[in-house]
file input_26.cif (mmCIF, C-alpha atoms, pLDDT in the B column; chains and numbers go by the auth columns)
data_protein
loop_
_atom_site.group_PDB
_atom_site.id
_atom_site.type_symbol
_atom_site.label_atom_id
_atom_site.label_comp_id
_atom_site.label_asym_id
_atom_site.label_seq_id
_atom_site.Cartn_x
_atom_site.Cartn_y
_atom_site.Cartn_z
_atom_site.B_iso_or_equiv
_atom_site.auth_seq_id
_atom_site.auth_asym_id
ATOM 1 C CA MET A 1 0.000 0.000 0.000 84.00 1 A
ATOM 2 C CA ILE A 2 1.087 3.540 -0.712 91.00 2 A
ATOM 3 C CA ILE A 3 0.319 6.149 1.909 93.00 3 A
ATOM 4 C CA TYR A 4 0.073 9.818 0.970 94.00 4 A
ATOM 5 C CA LEU A 5 1.190 11.425 4.220 97.00 5 A
ATOM 6 C CA ASP A 6 0.470 15.034 5.122 97.00 6 A
ATOM 7 C CA TYR A 7 2.617 16.899 7.655 96.00 7 A
ATOM 8 C CA ASP A 8 0.911 19.894 9.308 95.00 8 A
ATOM 9 C CA GLY A 9 -2.112 18.730 11.293 96.00 9 A
ATOM 10 C CA THR A 10 -1.201 15.120 10.610 97.00 10 A
ATOM 11 C CA MET A 11 2.338 14.423 11.825 98.00 11 A
ATOM 12 C CA VAL A 12 2.676 17.672 13.799 97.00 12 A
ATOM 13 C CA GLU A 13 0.136 20.136 15.144 96.00 13 A
ATOM 14 C CA HIS A 14 -0.691 23.215 13.052 94.00 14 A
ATOM 15 C CA MET A 15 1.728 26.068 13.738 91.00 15 A
ATOM 16 C CA TRP A 16 2.617 27.132 10.183 83.00 16 A
ATOM 17 C CA PRO A 17 5.154 28.512 9.311 83.00 17 A
ATOM 18 C CA LEU A 18 6.729 26.894 12.376 87.00 18 A
ATOM 19 C CA ASP A 19 6.739 23.189 13.174 91.00 19 A
ATOM 20 C CA GLY A 20 4.186 22.285 15.798 93.00 20 A
ATOM 21 C CA PRO A 21 4.667 19.588 18.426 95.00 21 A
ATOM 22 C CA PRO A 22 4.260 15.989 17.210 96.00 22 A
ATOM 23 C CA THR A 23 0.698 14.732 17.041 96.00 23 A
ATOM 24 C CA PRO A 24 0.280 12.018 19.678 96.00 24 A
ATOM 25 C CA HIS A 25 1.003 8.490 18.462 97.00 25 A
ATOM 26 C CA SER A 26 1.693 9.547 14.829 98.00 26 A
ATOM 27 C CA VAL A 27 5.269 8.321 14.567 98.00 27 A
ATOM 28 C CA GLU A 28 4.512 5.044 16.324 97.00 28 A
ATOM 29 C CA VAL A 29 1.637 4.168 13.975 96.00 29 A
ATOM 30 C CA CYS A 30 3.615 5.139 10.876 97.00 30 A
ATOM 31 C CA LEU A 31 6.608 3.070 11.974 96.00 31 A
ATOM 32 C CA LYS A 32 4.340 0.038 12.453 94.00 32 A
ATOM 33 C CA LEU A 33 2.982 0.530 8.937 93.00 33 A
ATOM 34 C CA GLN A 34 6.502 0.943 7.585 95.00 34 A
ATOM 35 C CA GLU A 35 7.520 -2.369 9.200 94.00 35 A
ATOM 36 C CA LYS A 36 4.777 -3.992 7.099 90.00 36 A
ATOM 37 C CA ASN A 37 6.335 -2.521 3.912 91.00 37 A
ATOM 38 C CA TYR A 38 3.881 0.305 3.457 91.00 38 A
ATOM 39 C CA LYS A 39 5.476 3.090 1.379 95.00 39 A
ATOM 40 C CA PHE A 40 5.141 6.751 2.299 97.00 40 A
ATOM 41 C CA ILE A 41 4.849 9.691 -0.073 97.00 41 A
ATOM 42 C CA LEU A 42 5.054 13.079 1.579 96.00 42 A
ATOM 43 C CA ASN A 43 2.029 15.022 0.359 96.00 43 A
ATOM 44 C CA THR A 44 2.230 18.508 1.888 94.00 44 A
ATOM 45 C CA LYS A 45 1.604 22.135 0.932 91.00 45 A
ATOM 46 C CA ARG A 46 5.074 22.886 2.298 86.00 46 A
ATOM 47 C CA VAL A 47 6.536 21.718 -1.000 86.00 47 A
ATOM 48 C CA GLU A 48 4.721 24.566 -2.770 82.00 48 A
ATOM 49 C CA LEU A 49 5.181 27.252 -0.124 81.00 49 A
ATOM 50 C CA ASP A 50 8.533 27.103 1.594 79.00 50 A
ATOM 51 C CA ARG A 51 11.589 24.949 0.828 87.00 51 A
ATOM 52 C CA PRO A 52 13.219 25.395 4.275 90.00 52 A
ATOM 53 C CA ALA A 53 9.949 24.354 5.946 90.00 53 A
ATOM 54 C CA LEU A 54 9.793 21.331 3.642 91.00 54 A
ATOM 55 C CA GLN A 55 13.343 20.389 4.598 93.00 55 A
ATOM 56 C CA ARG A 56 12.497 20.704 8.314 94.00 56 A
ATOM 57 C CA SER A 57 9.568 18.322 7.835 94.00 57 A
ATOM 58 C CA LEU A 58 11.750 15.803 5.994 95.00 58 A
ATOM 59 C CA ASP A 59 14.444 16.073 8.679 96.00 59 A
ATOM 60 C CA TYR A 60 11.865 15.437 11.403 97.00 60 A
ATOM 61 C CA LEU A 61 10.422 12.399 9.622 97.00 61 A
ATOM 62 C CA TRP A 62 13.847 10.917 8.859 97.00 62 A
ATOM 63 C CA LYS A 63 15.056 11.474 12.440 97.00 63 A
ATOM 64 C CA SER A 64 11.893 9.713 13.600 97.00 64 A
ATOM 65 C CA GLY A 65 12.876 6.697 11.486 97.00 65 A
ATOM 66 C CA LEU A 66 10.230 7.179 8.818 97.00 66 A
ATOM 67 C CA LYS A 67 11.406 6.540 5.271 96.00 67 A
ATOM 68 C CA ILE A 68 9.806 8.817 2.710 96.00 68 A
ATOM 69 C CA SER A 69 10.048 7.244 -0.735 93.00 69 A
ATOM 70 C CA THR A 70 8.867 10.327 -2.657 94.00 70 A
ATOM 71 C CA VAL A 71 7.887 13.941 -2.085 94.00 71 A
ATOM 72 C CA ARG A 72 4.980 15.161 -4.210 92.00 72 A
ATOM 73 C CA ALA A 73 5.860 18.252 -6.268 90.00 73 A
ATOM 74 C CA ILE A 74 2.292 19.514 -5.830 91.00 74 A
ATOM 75 C CA LYS A 75 0.014 18.391 -3.021 93.00 75 A
ATOM 76 C CA ILE A 76 -2.907 16.193 -3.980 93.00 76 A
ATOM 77 C CA GLU A 77 -5.855 17.465 -1.963 91.00 77 A
ATOM 78 C CA PRO A 78 -7.628 14.469 -0.433 89.00 78 A
ATOM 79 C CA THR A 79 -11.379 14.439 -0.718 80.00 79 A
ATOM 80 C CA PHE A 80 -12.102 11.631 1.746 82.00 80 A
ATOM 81 C CA TRP A 81 -10.378 9.110 3.946 82.00 81 A
ATOM 82 C CA ASN A 82 -10.601 6.005 1.779 73.00 82 A
ATOM 83 C CA ILE A 83 -9.976 3.434 4.499 75.00 83 A
ATOM 84 C CA HIS A 84 -12.973 1.258 3.645 67.00 84 A
ATOM 85 C CA GLU A 85 -12.233 1.007 -0.055 65.00 85 A
ATOM 86 C CA ASN A 86 -10.274 -1.835 -1.565 60.00 86 A
ATOM 87 C CA MET A 87 -7.501 0.430 -2.766 67.00 87 A
ATOM 88 C CA GLU A 88 -3.755 0.383 -2.581 81.00 88 A
ATOM 89 C CA ILE A 89 -3.576 4.105 -1.811 86.00 89 A
ATOM 90 C CA LEU A 90 -4.456 5.694 1.516 88.00 90 A
ATOM 91 C CA PHE A 91 -4.481 9.400 2.398 91.00 91 A
ATOM 92 C CA LEU A 92 -3.411 10.125 5.967 95.00 92 A
ATOM 93 C CA ASP A 93 -4.253 13.820 6.036 96.00 93 A
ATOM 94 C CA ASP A 94 -6.187 16.032 8.437 96.00 94 A
ATOM 95 C CA LEU A 95 -8.032 17.465 5.419 94.00 95 A
ATOM 96 C CA ALA A 96 -9.385 14.061 4.342 94.00 96 A
ATOM 97 C CA SER A 97 -13.102 14.075 5.055 93.00 97 A
ATOM 98 C CA GLY A 98 -13.963 11.390 7.591 92.00 98 A
ATOM 99 C CA ILE A 99 -10.499 10.858 9.076 96.00 99 A
ATOM 100 C CA PRO A 100 -10.636 10.796 12.888 96.00 100 A
ATOM 101 C CA LEU A 101 -9.658 14.172 14.339 97.00 101 A
ATOM 102 C CA MET A 102 -8.982 15.512 17.801 96.00 102 A
ATOM 103 C CA ARG A 103 -8.584 18.932 19.340 94.00 103 A
ATOM 104 C CA SER A 104 -5.147 20.488 18.992 91.00 104 A
ATOM 105 C CA THR A 105 -3.275 21.599 22.083 87.00 105 A
ATOM 106 C CA VAL A 106 -1.712 24.632 20.364 87.00 106 A
ATOM 107 C CA ALA A 107 -3.918 25.675 17.433 80.00 107 A
ATOM 108 C CA ILE A 108 -7.526 26.074 16.393 86.00 108 A
ATOM 109 C CA PRO A 109 -7.558 23.549 13.514 91.00 109 A
ATOM 110 C CA PRO A 110 -7.918 19.964 14.724 95.00 110 A
ATOM 111 C CA MET A 111 -5.277 17.313 14.156 97.00 111 A
ATOM 112 C CA VAL A 112 -5.391 13.641 13.198 97.00 112 A
ATOM 113 C CA ASP A 113 -6.320 11.334 16.064 98.00 113 A
ATOM 114 C CA TRP A 114 -3.770 8.597 15.478 97.00 114 A
ATOM 115 C CA ARG A 115 -5.105 6.264 18.174 97.00 115 A
ATOM 116 C CA LYS A 116 -8.462 6.170 16.383 96.00 116 A
ATOM 117 C CA VAL A 117 -6.739 5.816 12.999 95.00 117 A
ATOM 118 C CA GLU A 118 -4.818 2.824 14.314 94.00 118 A
ATOM 119 C CA LYS A 119 -7.995 1.316 15.751 93.00 119 A
ATOM 120 C CA GLU A 120 -9.806 1.733 12.408 90.00 120 A
ATOM 121 C CA LEU A 121 -6.918 0.194 10.482 89.00 121 A
ATOM 122 C CA LYS A 122 -6.910 -2.800 12.813 88.00 122 A
ATOM 123 C CA LYS A 123 -10.694 -3.164 12.663 85.00 123 A
ATOM 124 C CA ILE A 124 -10.853 -3.537 8.907 76.00 124 A
ATOM 125 C CA GLY A 125 -7.649 -5.558 8.630 71.00 125 A
ATOM 126 C CA ARG A 126 -5.904 -3.061 6.352 56.00 126 A
ATOM 127 C CA ALA A 127 -2.862 -2.990 8.599 55.00 127 A
ATOM 128 C CA HIS A 128 -1.237 -5.146 11.196 52.00 128 A
ATOM 129 C CA VAL A 129 -0.563 -2.274 13.541 57.00 129 A
#

call {"tool": "encode", "arguments": {"input": "input_26.cif", "output": "structure tokens"}}
result
Amino acid sequence: MIIYLDYDGTMVEHMWPLDGPPTPHSVEVCLKLQEKNYKFILNTKRVELDRPALQRSLDYLWKSGLKISTVRAIKIEPTFWNIHENMEILFLDDLASGIPLMRSTVAIPPMVDWRKVEKELKKIGRAHV
């Protein structure tokens, strides 16, 4: 499976143009998926807006142990969280309609609730997390 992974509001809390604190449980879930050979494509607006901010996001992900196979040149805006479809592509993005969200500790926009994401992935057998 290929995972299109967003950064702000997904891996870290919204604090653009700064890097927010890590969203709880995000790295742990992604590392479990990576262990099962899921491939990650970084799919973030940072690529279009600010190269140093993009590099900071890549540095954070790499230091966390997450291997990014590709960085999208232009972000694909997700329309919905396609977890229940029989697809080989999954958008993990706070903008994906239907993805579990939780209140941010530092910003108004919500962030991805990774504990619920992990629970949903387990429930439908899409991941062995």

call {"tool": "resolve_selection", "arguments": {"input": "input_26.cif", "expression": "the PyMOL selection byres ((chain A and resi 58) around 12)", "output": "ChimeraX atom specification"}}
result
/A:5-7,11,19,40-44,46-47,51-57,59-71

call {"tool": "axis_aligned_box", "arguments": {"input": "input_26.cif", "around": "region 7-14 of chain A", "padding_each_side": "4 Å", "output": "AutoDock Vina command-line options"}}
result
--center_x 0.3 --center_y 18.8 --center_z 11.4 --size_x 12.8 --size_y 16.8 --size_z 15.5

call {"tool": "closest_residue", "arguments": {"input": "input_26.cif", "among": "A:Phe91, A:Met1, A:Ile76, A:Gln34", "to": "Val117 (chain A)", "atoms": "only C-alpha atoms"}}
result
A:Phe91

call {"tool": "atom_distance", "arguments": {"input": "input_26.cif", "atom1": "CA of Gly20 (chain A)", "atom2": "CA of Glu48 (chain A)"}}
result
18.7 Å

call {"tool": "closest_residue", "arguments": {"input": "input_26.cif", "among": "A:Pro22, A:Tyr38, A:Ala107, A:Asp113", "to": "Glu88 (chain A)", "atoms": "only C-alpha atoms"}}
result
A:Tyr38

call {"tool": "closest_residue", "arguments": {"input": "input_26.cif", "among": "A:Asp50, A:Glu120, A:Thr10, A:Pro110", "to": "Ile83 (chain A)", "atoms": "all atoms listed in the file"}}
result
A:Glu120

call {"tool": "atom_distance", "arguments": {"input": "input_26.cif", "atom1": "CA of Pro21 (chain A)", "atom2": "CA of Asp8 (chain A)"}}
result
9.9 Å

call {"tool": "resolve_selection", "arguments": {"input": "input_26.cif", "expression": "the PyMOL selection byres ((chain A and resi 79) around 8)", "output": "ChimeraX atom specification"}}
result
/A:77-78,80-81,95-97

call {"tool": "closest_residue", "arguments": {"input": "input_26.cif", "among": "A:Arg115, A:Ile89, A:Ile3, A:Gly125", "to": "Leu101 (chain A)", "atoms": "all atoms listed in the file"}}
result
A:Arg115

call {"tool": "residues_around", "arguments": {"input": "input_26.cif", "residues": "Ser104 (chain A)", "least_positions_apart": "6", "cutoff": "10 Å", "atoms": "all atoms listed in the file", "output": "PyMOL selection string"}}
result
chain A and resi 9+12-14+21+23+110-113

call {"tool": "atom_distance", "arguments": {"input": "input_26.cif", "atom1": "CA of Val29 (chain A)", "atom2": "CA of Met102 (chain A)"}}
result
16.0 Å

call {"tool": "closest_residue", "arguments": {"input": "input_26.cif", "among": "A:Lys123, A:Leu92, A:Ile108, A:Glu118", "to": "Glu28 (chain A)", "atoms": "all atoms listed in the file"}}
result
A:Glu118

call {"tool": "decode", "arguments": {"input": "input_26.cif", "residues": "region 85-124 of chain A", "atoms": "N, CA and C atoms", "output": "compact mmCIF listing (two decimals), in the first residue's frame"}}
result
# COMPACT_ATOMS: atom_id res chain seq x y z
N GLU A 85 -12.26 1.43 1.34
CA GLU A 85 -12.23 1.01 -0.05
C GLU A 85 -11.12 0.00 -0.26
N ASN A 86 -11.29 -0.85 -1.24
CA ASN A 86 -10.27 -1.84 -1.57
C ASN A 86 -9.27 -1.19 -2.52
N MET A 87 -8.46 -0.31 -1.96
CA MET A 87 -7.50 0.43 -2.77
C MET A 87 -6.10 0.21 -2.22
N GLU A 88 -5.14 0.49 -3.01
CA GLU A 88 -3.76 0.38 -2.58
C GLU A 88 -3.17 1.73 -2.21
N ILE A 89 -4.02 2.76 -2.17
CA ILE A 89 -3.58 4.10 -1.81
C ILE A 89 -4.43 4.59 -0.65
N LEU A 90 -3.76 5.17 0.35
CA LEU A 90 -4.46 5.69 1.52
C LEU A 90 -3.94 7.10 1.81
N PHE A 91 -4.85 8.05 2.01
CA PHE A 91 -4.48 9.40 2.40
C PHE A 91 -4.56 9.52 3.91
N LEU A 92 -3.43 9.80 4.55
CA LEU A 92 -3.41 10.12 5.97
C LEU A 92 -3.18 11.63 6.04
N ASP A 93 -4.27 12.37 6.18
CA ASP A 93 -4.25 13.82 6.04
C ASP A 93 -5.41 14.40 6.84
N ASP A 94 -5.13 15.43 7.63
CA ASP A 94 -6.19 16.03 8.44
C ASP A 94 -7.29 16.65 7.59
N LEU A 95 -7.02 16.89 6.31
CA LEU A 95 -8.03 17.47 5.42
C LEU A 95 -8.92 16.41 4.76
N ALA A 96 -8.59 15.13 4.93
CA ALA A 96 -9.38 14.06 4.34
C ALA A 96 -10.70 13.94 5.11
N SER A 97 -11.80 14.15 4.43
CA SER A 97 -13.10 14.07 5.05
C SER A 97 -13.31 12.68 5.66
N GLY A 98 -13.67 12.65 6.93
CA GLY A 98 -13.96 11.39 7.59
C GLY A 98 -12.81 10.83 8.40
N ILE A 99 -11.61 11.38 8.27
CA ILE A 99 -10.50 10.86 9.08
C ILE A 99 -10.73 11.28 10.53
N PRO A 100 -10.44 10.42 11.49
CA PRO A 100 -10.64 10.80 12.89
C PRO A 100 -9.75 11.99 13.27
N LEU A 101 -10.37 12.98 13.91
CA LEU A 101 -9.66 14.17 14.34
C LEU A 101 -9.82 14.37 15.84
N MET A 102 -8.91 15.14 16.39
CA MET A 102 -8.98 15.51 17.80
C MET A 102 -8.58 16.97 17.95
N ARG A 103 -8.91 17.54 19.07
CA ARG A 103 -8.58 18.93 19.34
C ARG A 103 -7.07 19.10 19.48
N SER A 104 -6.55 20.14 18.88
CA SER A 104 -5.15 20.49 18.99
C SER A 104 -4.87 21.11 20.35
N THR A 105 -3.65 20.97 20.82
CA THR A 105 -3.27 21.60 22.08
C THR A 105 -2.72 22.99 21.87
N VAL A 106 -2.37 23.34 20.61
CA VAL A 106 -1.71 24.63 20.36
C VAL A 106 -2.38 25.48 19.27
N ALA A 107 -3.34 24.95 18.56
CA ALA A 107 -3.92 25.68 17.43
C ALA A 107 -5.42 25.42 17.35
N ILE A 108 -6.08 26.24 16.57
CA ILE A 108 -7.53 26.07 16.39
C ILE A 108 -7.86 24.89 15.50
N PRO A 109 -7.19 24.71 14.34
CA PRO A 109 -7.56 23.55 13.51
C PRO A 109 -7.29 22.24 14.26
N PRO A 110 -8.16 21.26 14.08
CA PRO A 110 -7.92 19.96 14.72
C PRO A 110 -6.76 19.22 14.06
N MET A 111 -6.36 18.15 14.69
CA MET A 111 -5.28 17.31 14.16
C MET A 111 -5.76 15.87 14.08
N VAL A 112 -5.04 15.06 13.34
CA VAL A 112 -5.39 13.64 13.20
C VAL A 112 -5.29 12.95 14.56
N ASP A 113 -6.30 12.15 14.85
CA ASP A 113 -6.32 11.33 16.06
C ASP A 113 -5.76 9.96 15.69
N TRP A 114 -4.47 9.80 15.92
CA TRP A 114 -3.77 8.60 15.48
C TRP A 114 -4.19 7.34 16.22
N ARG A 115 -4.63 7.46 17.46
CA ARG A 115 -5.10 6.26 18.17
C ARG A 115 -6.36 5.72 17.50
N LYS A 116 -7.26 6.61 17.09
CA LYS A 116 -8.46 6.17 16.38
C LYS A 116 -8.13 5.66 14.99
N VAL A 117 -7.17 6.30 14.32
CA VAL A 117 -6.74 5.82 13.00
C VAL A 117 -6.22 4.40 13.12
N GLU A 118 -5.37 4.16 14.11
CA GLU A 118 -4.82 2.82 14.31
C GLU A 118 -5.92 1.81 14.60
N LYS A 119 -6.87 2.20 15.42
CA LYS A 119 -8.00 1.32 15.75
C LYS A 119 -8.80 0.96 14.50
N GLU A 120 -9.06 1.97 13.65
CA GLU A 120 -9.81 1.73 12.41
C GLU A 120 -9.03 0.83 11.46
N LEU A 121 -7.74 1.04 11.35
CA LEU A 121 -6.92 0.19 10.48
C LEU A 121 -6.94 -1.26 10.96
N LYS A 122 -6.85 -1.44 12.26
CA LYS A 122 -6.91 -2.80 12.81
C LYS A 122 -8.26 -3.44 12.56
N LYS A 123 -9.32 -2.65 12.76
CA LYS A 123 -10.69 -3.16 12.66
C LYS A 123 -11.00 -3.72 11.27
N ILE A 124 -10.53 -3.07 10.25
CA ILE A 124 -10.85 -3.54 8.91
C ILE A 124 -9.76 -4.42 8.32
